[in-house]
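Chemist: Below you will find the structure I want to go over with you.
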Number of protein chains: 2
Amino acid sequence: MSKSTHREDHLKALYTLGEEAGQESWVSTNAMAAHLDVKPPSVTAMVHVMSELGWAEHRPYRGARLTPLGKKLALTLVRKHRLWETFLVERLGFGWEEVHDIAEQLEHIDSVSLVDKLDAYLGHPTIDPHGDPIPTAKGQIADSRRLTPLLEWPHDKPCQVGAVKDSNDKVLVELTSLGIELGTVLRPEDRLKVPLALAEEVLVEPQSSQEISTNE
Amino acid sequence: MSKSTHREDHLKALYTLGEEAGQESWVSTNAMAAHLDVKPPSVTAMVHVMSELGWAEHRPYRGARLTPLGKKLALTLVRKHRLWETFLVERLGFGWEEVHDIAEQLEHIDSVSLVDKLDAYLGHPTIDPHGDPIPTAKGQIADSRRLTPLLEWPHDKPCQVGAVKDSNDKVLVELTSLGIELGTVLRPEDRLKVPLALAEEVLVEPQSSQEISTNE
DNA sequence: CGAATTTTTTAGGTCTGTCTAAAAAATAAA
DNA sequence: TTTATTTTTTAGACAGACCTAAAAAATTCG
């Protein structure tokens with residue numbers, strides 16, 4: 001991995017964990033180390049670098065969090081990742097469980113015009129194959145959907161699959177084999193077939209328009 | 001750059017220079033160093049590594065050349081590079097002068113299924129945007145065209161642009177602005193407009209079928 | 001509150017690819 | 001063919017990202 005690839009990976013880890021924990025909070029060294037599969041001292045070292053670069057703020061023995069600049073850079077990475085995932089699924093025909101690792105590499109390709117052209121080629125998509133929103137070129141996430149965990153959705157109302165949580169590949173494969181993909185309409189009776197372990201990975205929204213049901 | 005990216009860059013340099021010089025010949029350390037923009041001792045070190053990996057043969061103080069395995073690996077890199085260039089030009093709308101640097105990054109993406117799917121998505125192209133042949137998945141280059149330098153082509157016969165030599169970006173831009181691209185038919189009178197410096201970068205073949213002329 | 005535990009940082013080392021400077025081999029020239 | 005020049009390799013050092021082990025700070029618990 002290149003210098004910038006390493007930095008970008010740490011940046012994205014800090015962004016991701018920071019989002020999970022809430023805006024103000026400090027992300028612990030251990031959490032980042034676990035997320036990146038490295039040892040804590042490596043994270044400390046890279047946090048110092050990110051701090052030098054103005055990407056992150058570091059409170060020794062407390063943790064780190066992104067500066068506005070760091071957050072902006074992280075969002076361009078997220079944007080690239082999700083655009084590439086969209087390309088891989090929609091154009092190349094990959095399954096939604098296959099694309100994460102490849103996009104993880106593609107997101108580090110350094111070319112602004114490439115991202116712009118890819119975005120246009122895909123028709124300026126707003127969500128990726130897992131239902132995650134794609135930030136705009138300016139780093140805005142405009143996600144107007146109101147997603148609800150499937151398990152919290154009223155049992156008697158139909159809904160539509162809007163996203164899946166960051167899941168392992170197996171969960172995604174099993175969902176596919178049940179006929180569940182993005183946009184699938186789930187009627188009350190459809191939900192009975194879905195094992196709990198899978199159902200808790202699914203986020204739904206109110207049924208919108210003409211969409212597919214699990215019964216084809 | 002990652003470990004494998006560095007190795008792959010040296011491998012490709014050795015392949016490229018070896019092709020230019022002819023099959024049997026040894027590629028000098030200096031030539032590789034100049035091509036890769038590193039100092040000779042770095043090349044020596046990497047040649048040792050490639051030798052360890054079974055990719056290259058090294059005769060101290062003479063040079064290096066690829067083993068059959070090395071050549072096979074180099075051809076998969078060339079294949080990836082040229083497929084990505086094709087994608088960038090044909091799908092994303094880049095100019096043929098813009099794609100080399102981006103493809104240089106993309107060719108290092110590690111995923112066999114990605115290459116296969118990209119190849120299929122592009123319709124199994126046989127030449128890239130510069131007219132260079134794209135090796136097959138098995139590393140075969142089947143280029144049946146008989147390309148001739150434009151300057152050696154009979155002055156009274158029309159021809160068709162089949163390829164451009166590895167040129168700098170400016171040459172490619174100027175060719176484009178003269179209406180010359182891959183497949184362009186050049187009639188005897190068209191050739192008069194082409195400056196020598198550009199003409200010597202162009203390879204042509206007999207006119208085949210329905211194609212574009214410079215006069216639109 | 002003070003001791004035990006956990007977390008984080010520092011210290012020091014490895015690995016890989018780069019470099020410069022010096023030595024060795026090959027080539028060119030006198 | 002003997003010397004001078006060029007090319008290549010070796011020797012030794014540096015930069016970056018990683019590691020383990022030990023020290024320092026924070027937290028938890030009796």
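Residues in the structure tokens are numbered from 1 in each chain, the chains being A, B, ... in the order shown, and ligands are numbered from 1 in the order shown.
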Taking the backbone alone, and naming residues the way the document does, which bits of stretch 32-139 of chain A are alpha helix (DSSP H) by DSSP, as an MDAnalysis selection string?
Modeler: chainID A and resid 32:36 40:52 68:90 100:106 112:121
Chemist: Counting only C-alpha atoms (C1' of nucleotides), give me one row per residue of stretch 2-69 of chain A with an atom at most 10 Å from an atom of stretch 5-26 of chain C, showing the shortest contact pair and its distance in Å to one decimal, sorted by chain then residue number, as a Markdown table.
Modeler:
| residue | atom | partner | partner_atom | distance |
| --- | --- | --- | --- | --- |
| A:Ser28 | CA | C:DT7 | C1' | 9.1 |
| A:Thr29 | CA | C:DT8 | C1' | 7.3 |
| A:Asn30 | CA | C:DT7 | C1' | 7.8 |
| A:Pro40 | CA | C:DT8 | C1' | 7.8 |
| A:Pro41 | CA | C:DT9 | C1' | 7.3 |
| A:Thr44 | CA | C:DT9 | C1' | 7.5 |
| A:Ala45 | CA | C:DT9 | C1' | 9.4 |
| A:Pro60 | CA | C:DT8 | C1' | 7.8 |
| A:Tyr61 | CA | C:DT8 | C1' | 5.4 |
| A:Arg62 | CA | C:DT8 | C1' | 8.3 |
| A:Gly63 | CA | C:DT8 | C1' | 9.0 |
Chemist: Would you export the selected residues with C-alpha atoms as a PDB file, in the first residue's frame, please?
Modeler:
ATOM      1  CA  SER A  28     -10.343   5.337  20.853  1.00  0.00           C
ATOM      2  CA  THR A  29      -7.030   4.036  19.633  1.00  0.00           C
ATOM      3  CA  ASN A  30      -8.128   0.479  20.348  1.00  0.00           C
ATOM      4  CA  PRO A  40      -2.618   0.128  18.789  1.00  0.00           C
ATOM      5  CA  PRO A  41       0.886   1.624  18.522  1.00  0.00           C
ATOM      6  CA  THR A  44      -1.038   6.166  17.525  1.00  0.00           C
ATOM      7  CA  ALA A  45       1.696   6.768  14.979  1.00  0.00           C
ATOM      8  CA  PRO A  60      -3.468  11.880  24.186  1.00  0.00           C
ATOM      9  CA  TYR A  61      -4.953   9.001  26.158  1.00  0.00           C
ATOM     10  CA  ARG A  62      -8.446  10.082  25.093  1.00  0.00           C
ATOM     11  CA  GLY A  63      -8.695   9.482  21.383  1.00  0.00           C
TER      12      GLY A  63
END
Chemist: Taking only C-alpha atoms (C1' of nucleotides) into account and nothing else, which residues of chain D lie no more than 8 Å away from chain A? Please answer as a ChimeraX atom specification.
Modeler: /D:16-19,25-26
Chemist: Could you name the residues that touch stretch 82-99 of chain A at 6 Å or less, counting only C-alpha atoms (C1' of nucleotides), but leaving out those on the same chain fewer than 3 positions away, as a PDB file with N, CA, C and O atoms, in the first residue's frame?
Modeler:
ATOM      1  N   ARG A  79     -17.400   8.643  -1.014  1.00  0.00           N
ATOM      2  CA  ARG A  79     -18.032   8.846  -2.323  1.00  0.00           C
ATOM      3  C   ARG A  79     -17.421   7.933  -3.375  1.00  0.00           C
ATOM      4  O   ARG A  79     -18.126   7.250  -4.109  1.00  0.00           O
ATOM      5  N   ILE A 102     -13.086  -5.090  -3.621  1.00  0.00           N
ATOM      6  CA  ILE A 102     -12.568  -4.468  -4.850  1.00  0.00           C
ATOM      7  C   ILE A 102     -12.683  -2.949  -4.761  1.00  0.00           C
ATOM      8  O   ILE A 102     -11.748  -2.218  -5.100  1.00  0.00           O
ATOM      9  N   ALA A 103     -13.816  -2.483  -4.260  1.00  0.00           N
ATOM     10  CA  ALA A 103     -13.999  -1.027  -4.122  1.00  0.00           C
ATOM     11  C   ALA A 103     -13.006  -0.444  -3.132  1.00  0.00           C
ATOM     12  O   ALA A 103     -12.575   0.704  -3.264  1.00  0.00           O
ATOM     13  N   ASP A 128     -25.819   3.552  -2.993  1.00  0.00           N
ATOM     14  CA  ASP A 128     -24.981   2.471  -3.521  1.00  0.00           C
ATOM     15  C   ASP A 128     -25.721   1.137  -3.438  1.00  0.00           C
ATOM     16  O   ASP A 128     -26.882   1.094  -3.016  1.00  0.00           O
ATOM     17  N   PRO A 129     -25.092   0.046  -3.862  1.00  0.00           N
ATOM     18  CA  PRO A 129     -25.810  -1.241  -3.908  1.00  0.00           C
ATOM     19  C   PRO A 129     -26.273  -1.753  -2.546  1.00  0.00           C
ATOM     20  O   PRO A 129     -27.091  -2.671  -2.490  1.00  0.00           O
ATOM     21  N   ASP A 169     -20.470 -10.983   4.035  1.00  0.00           N
ATOM     22  CA  ASP A 169     -20.903 -11.461   2.719  1.00  0.00           C
ATOM     23  C   ASP A 169     -22.013 -12.500   2.821  1.00  0.00           C
ATOM     24  O   ASP A 169     -22.947 -12.504   2.029  1.00  0.00           O
ATOM     25  N   LEU A 172     -25.526 -11.248   3.038  1.00  0.00           N
ATOM     26  CA  LEU A 172     -25.999 -10.690   1.772  1.00  0.00           C
ATOM     27  C   LEU A 172     -26.372 -11.794   0.780  1.00  0.00           C
ATOM     28  O   LEU A 172     -27.365 -11.686   0.060  1.00  0.00           O
TER      29      LEU A 172
ATOM     30  N   LYS B 117     -14.772  -9.658 -15.915  1.00  0.00           N
ATOM     31  CA  LYS B 117     -16.057  -8.985 -16.110  1.00  0.00           C
ATOM     32  C   LYS B 117     -15.892  -7.706 -16.917  1.00  0.00           C
ATOM     33  O   LYS B 117     -16.748  -7.349 -17.740  1.00  0.00           O
TER      34      LYS B 117
END
Chemist: Between atom CA of B:Val204 and atom CA of B:Ala163, what distance in Å does the model show, to one decimal?
Modeler: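 Separating atom CA of B:Val204 from atom CA of B:Ala163 is a distance of 6.7 Å.
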Chemist: Name the residues of stretch 50-170 of chain A that come out as strand (DSSP E or B) in a backbone DSSP run; write them as number ranges by chain.
Modeler: A: 56-59, 63-66, 127, 133, 148-149, 159-164
